[in-house]
Amino acid sequence: MITFLKITVFIFYMIGAIFKTIKLSFLKKFSSGDKYNRYLNKSVYKWGKFSVDLVGVKLNIEGEENIPNEACLFVSNHQSNVDIPCLIAGINRPMGFISKKELIKAPVISTWMKAIHCVFMDRKNVRESLKSIQEGVNILKNGNNMVIFPEGTRSKSSAVGEFKKGSMKLATKAGVMVVPVTIDGTYKAWEGNGGKGLIPADVTIKIHKGIKVRELDREQKATLAEDVRKIILSGIER
């Protein structure tokens, strides 16, 4: 019952977001870029904070001093669908995500995802996947942050799966800093809690020191994915 009520509240919030979408489009056409970006970033942060509070997640953020002032690639483990609002609310930086292509057809949501520079990827199509990677590289080179979940799917637990082959191509091609991020506890709020639905949970987001990809040699770049995975795994409470 509680889960149903939370989902209902979220749906009404998203209906209300239609008016924000209209304002966003208006600002994009008729205002300065700074005003548009301020409204965009503020609205996305509020959505993340609203979603986190609605579920009942208590966020504990560690390592905020490791967030660089330059554009970077945040690399995180993936425990739950709650991860995305937690990252948005916890890190509080403009950031785009690599998303499945189906979401590009979602009304309202896709508009905001495009605005924050999300990339819609068809993982079943190699050629289209390569195009998506290049799109992400261009986004990073243009000074925008991005987030990837190299496991490719939710673990629904504290386990950290193997990273997909080539998952670090975005960073190595763009030459941006990689910032490993450990998320721990979101699975308790939803998919990995034994079917209890949406319930409150304590979640820790640990932001590790960034890795300067430009300073890595060929061998270090070859092992980057596994090295980042080990760093992320070190932040999981055992």
# chains A, B, ... in the order shown; residues from 1 in each chain; ligands from 1
call {"tool": "select_by_dssp", "arguments": {"residues": "region 58-185 of chain A", "states": "helix (DSSP H, G or I)", "output": "MDAnalysis selection string"}}
result
chainID A and resid 64:66 83:91 101:105 109:115 126:141 169:174
call {"tool": "write_last_selection", "arguments": {"atoms": "N, CA and C atoms", "output": "CSV table (one decimal), in the first residue's frame"}}
result
chain,number,residue,atom,x,y,z
A,64,GLU,N,33.4,14.4,-1.0
A,64,GLU,CA,32.9,15.5,-1.8
A,64,GLU,C,34.1,16.3,-2.3
A,65,GLU,N,35.2,16.4,-1.5
A,65,GLU,CA,36.4,17.1,-1.9
A,65,GLU,C,37.0,16.5,-3.2
A,66,ASN,N,36.7,15.3,-3.5
A,66,ASN,CA,37.3,14.7,-4.7
A,66,ASN,C,36.5,15.0,-6.0
A,83,ASP,N,19.6,4.4,-7.8
A,83,ASP,CA,21.0,5.0,-8.0
A,83,ASP,C,21.0,6.3,-8.6
A,84,ILE,N,20.2,6.5,-9.7
A,84,ILE,CA,20.3,7.7,-10.5
A,84,ILE,C,19.8,9.0,-9.7
A,85,PRO,N,18.6,8.9,-9.0
A,85,PRO,CA,18.3,10.1,-8.2
A,85,PRO,C,19.2,10.3,-7.1
A,86,CYS,N,19.8,9.2,-6.5
A,86,CYS,CA,20.8,9.4,-5.4
A,86,CYS,C,22.0,10.1,-5.9
A,87,LEU,N,22.5,9.8,-7.1
A,87,LEU,CA,23.7,10.4,-7.6
A,87,LEU,C,23.4,11.9,-7.9
A,88,ILE,N,22.3,12.1,-8.5
A,88,ILE,CA,21.9,13.5,-8.8
A,88,ILE,C,21.8,14.4,-7.6
A,89,ALA,N,21.1,13.8,-6.5
A,89,ALA,CA,21.0,14.6,-5.3
A,89,ALA,C,22.2,14.6,-4.5
A,90,GLY,N,23.0,13.5,-4.5
A,90,GLY,CA,24.2,13.4,-3.7
A,90,GLY,C,25.4,14.2,-4.2
A,91,ILE,N,25.6,14.1,-5.5
A,91,ILE,CA,26.8,14.8,-6.1
A,91,ILE,C,26.5,16.2,-6.4
A,101,LYS,N,18.1,2.8,-25.2
A,101,LYS,CA,17.5,3.6,-26.3
A,101,LYS,C,15.9,3.8,-26.1
A,102,GLU,N,15.3,2.8,-25.5
A,102,GLU,CA,13.8,2.9,-25.4
A,102,GLU,C,13.3,4.2,-24.7
A,103,LEU,N,14.2,4.7,-23.8
A,103,LEU,CA,13.7,5.9,-23.0
A,103,LEU,C,13.6,7.2,-23.9
A,104,ILE,N,14.2,7.1,-25.1
A,104,ILE,CA,14.1,8.3,-25.9
A,104,ILE,C,12.7,8.6,-26.4
A,105,LYS,N,11.8,7.6,-26.3
A,105,LYS,CA,10.4,7.7,-26.6
A,105,LYS,C,9.5,8.1,-25.5
A,109,ILE,N,10.1,12.9,-19.9
A,109,ILE,CA,11.4,12.4,-19.4
A,109,ILE,C,12.5,12.5,-20.4
A,110,SER,N,12.2,12.2,-21.6
A,110,SER,CA,13.3,12.2,-22.7
A,110,SER,C,13.7,13.6,-22.9
A,111,THR,N,12.8,14.6,-22.8
A,111,THR,CA,13.2,16.0,-23.0
A,111,THR,C,14.2,16.4,-22.0
A,112,TRP,N,14.0,16.1,-20.8
A,112,TRP,CA,15.0,16.4,-19.7
A,112,TRP,C,16.3,15.7,-19.9
A,113,MET,N,16.2,14.4,-20.3
A,113,MET,CA,17.4,13.6,-20.4
A,113,MET,C,18.3,14.2,-21.5
A,114,LYS,N,17.6,14.6,-22.6
A,114,LYS,CA,18.4,15.2,-23.7
A,114,LYS,C,19.0,16.5,-23.2
A,115,ALA,N,18.3,17.3,-22.4
A,115,ALA,CA,18.8,18.5,-21.9
A,115,ALA,C,20.0,18.4,-21.1
A,126,VAL,N,26.0,-3.0,-32.6
A,126,VAL,CA,27.4,-2.6,-32.4
A,126,VAL,C,27.7,-1.3,-33.1
A,127,ARG,N,27.2,-1.1,-34.3
A,127,ARG,CA,27.5,0.2,-35.0
A,127,ARG,C,26.9,1.4,-34.3
A,128,GLU,N,25.6,1.2,-33.9
A,128,GLU,CA,24.9,2.3,-33.2
A,128,GLU,C,25.6,2.5,-31.8
A,129,SER,N,26.1,1.5,-31.2
A,129,SER,CA,26.8,1.6,-29.9
A,129,SER,C,28.0,2.5,-30.0
A,130,LEU,N,28.8,2.2,-31.1
A,130,LEU,CA,30.0,3.0,-31.4
A,130,LEU,C,29.7,4.5,-31.6
A,131,LYS,N,28.5,4.7,-32.3
A,131,LYS,CA,28.1,6.1,-32.5
A,131,LYS,C,27.8,6.8,-31.2
A,132,SER,N,27.1,6.0,-30.3
A,132,SER,CA,26.7,6.5,-29.0
A,132,SER,C,28.0,6.9,-28.1
A,133,ILE,N,29.0,6.0,-28.2
A,133,ILE,CA,30.2,6.2,-27.5
A,133,ILE,C,30.9,7.5,-28.0
A,134,GLN,N,30.9,7.7,-29.3
A,134,GLN,CA,31.5,8.9,-29.8
A,134,GLN,C,30.7,10.2,-29.4
A,135,GLU,N,29.4,10.0,-29.3
A,135,GLU,CA,28.5,11.1,-28.9
A,135,GLU,C,28.9,11.5,-27.4
A,136,GLY,N,29.1,10.4,-26.6
A,136,GLY,CA,29.5,10.7,-25.2
A,136,GLY,C,30.9,11.3,-25.1
A,137,VAL,N,31.8,10.9,-26.0
A,137,VAL,CA,33.1,11.5,-26.0
A,137,VAL,C,33.0,13.0,-26.3
A,138,ASN,N,32.2,13.4,-27.3
A,138,ASN,CA,32.0,14.8,-27.7
A,138,ASN,C,31.4,15.6,-26.5
A,139,ILE,N,30.4,15.0,-25.8
A,139,ILE,CA,29.8,15.6,-24.7
A,139,ILE,C,30.8,16.0,-23.6
A,140,LEU,N,31.7,15.0,-23.3
A,140,LEU,CA,32.7,15.2,-22.3
A,140,LEU,C,33.7,16.3,-22.8
A,141,LYS,N,34.1,16.2,-24.1
A,141,LYS,CA,35.1,17.2,-24.6
A,141,LYS,C,34.5,18.6,-24.6
A,169,LYS,N,36.2,3.4,-22.7
A,169,LYS,CA,36.5,4.1,-23.9
A,169,LYS,C,36.1,5.6,-23.9
A,170,LEU,N,35.0,5.9,-23.2
A,170,LEU,CA,34.6,7.2,-23.1
A,170,LEU,C,35.7,8.1,-22.5
A,171,ALA,N,36.3,7.6,-21.4
A,171,ALA,CA,37.3,8.3,-20.7
A,171,ALA,C,38.6,8.4,-21.5
A,172,THR,N,39.0,7.3,-22.1
A,172,THR,CA,40.3,7.2,-22.8
A,172,THR,C,40.3,8.0,-24.1
A,173,LYS,N,39.1,8.0,-24.7
A,173,LYS,CA,39.0,8.8,-26.0
A,173,LYS,C,38.8,10.3,-25.7
A,174,ALA,N,38.1,10.6,-24.7
A,174,ALA,CA,37.9,12.0,-24.3
A,174,ALA,C,39.1,12.6,-23.6
call {"tool": "residues_around", "arguments": {"residues": "region 210-222 of chain A", "least_positions_apart": "6", "cutoff": "9 Å", "atoms": "only C-alpha atoms", "output": "list in words"}}
result
Asn66, Ile67, Pro68, Cys72, Phe74, Met168, Ala171, Thr172, Gly175, Val176, Met177, Val178, Val179, Pro180 and Val228 of chain A
call {"tool": "atom_distance", "arguments": {"atom1": "CA of Lys206 (chain A)", "atom2": "CA of Val52 (chain A)"}}
result
16.7 Å
call {"tool": "closest_atom_pairs", "arguments": {"of": "region 57-135 of chain A", "to": "region 189-198 of chain A", "cutoff": "9 Å", "atoms": "only C-alpha atoms", "output": "CSV"}}
result
residue,atom,partner,partner_atom,distance
A:Val57,CA,A:Ala189,CA,7.3
A:Gln79,CA,A:Gly192,CA,8.3
A:Ser80,CA,A:Glu191,CA,6.3
A:Asn81,CA,A:Trp190,CA,8.0
A:Val82,CA,A:Trp190,CA,7.5
call {"tool": "write_last_selection", "arguments": {"atoms": "N, CA, C and O atoms", "output": "PDB file, in the first residue's frame"}}
result
ATOM      1  N   VAL A  57      15.115   7.516   1.458  1.00  0.00           N
ATOM      2  CA  VAL A  57      16.556   7.260   1.495  1.00  0.00           C
ATOM      3  C   VAL A  57      17.261   8.337   2.308  1.00  0.00           C
ATOM      4  O   VAL A  57      17.022   9.531   2.105  1.00  0.00           O
ATOM      5  N   GLN A  79      23.389  -0.701  -8.212  1.00  0.00           N
ATOM      6  CA  GLN A  79      22.635  -1.602  -7.355  1.00  0.00           C
ATOM      7  C   GLN A  79      21.132  -1.567  -7.615  1.00  0.00           C
ATOM      8  O   GLN A  79      20.443  -2.558  -7.409  1.00  0.00           O
ATOM      9  N   SER A  80      20.626  -0.400  -8.066  1.00  0.00           N
ATOM     10  CA  SER A  80      19.178  -0.232  -8.110  1.00  0.00           C
ATOM     11  C   SER A  80      18.796   0.927  -9.025  1.00  0.00           C
ATOM     12  O   SER A  80      19.626   1.778  -9.369  1.00  0.00           O
ATOM     13  N   ASN A  81      17.528   1.003  -9.394  1.00  0.00           N
ATOM     14  CA  ASN A  81      17.031   2.159 -10.134  1.00  0.00           C
ATOM     15  C   ASN A  81      17.064   3.431  -9.289  1.00  0.00           C
ATOM     16  O   ASN A  81      16.957   4.538  -9.820  1.00  0.00           O
ATOM     17  N   VAL A  82      17.194   3.266  -7.988  1.00  0.00           N
ATOM     18  CA  VAL A  82      17.285   4.415  -7.093  1.00  0.00           C
ATOM     19  C   VAL A  82      18.654   5.099  -7.214  1.00  0.00           C
ATOM     20  O   VAL A  82      18.828   6.233  -6.769  1.00  0.00           O
TER      21      VAL A  82
END
call {"tool": "select_by_dssp", "arguments": {"residues": "region 90-163 of chain A", "states": "strand (DSSP E or B)", "output": "list of chain:residue names"}}
result
A:Gly96, A:Phe97, A:Ile98, A:Ser99, A:Lys100, A:Val119, A:Phe120, A:Met121, A:Met146, A:Val147, A:Ile148
call {"tool": "closest_residue", "arguments": {"among": "A:Ile61, A:Lys100, A:Ile231, A:Asn77", "to": "Ser155 (chain A)", "atoms": "only C-alpha atoms"}}
result
A:Asn77
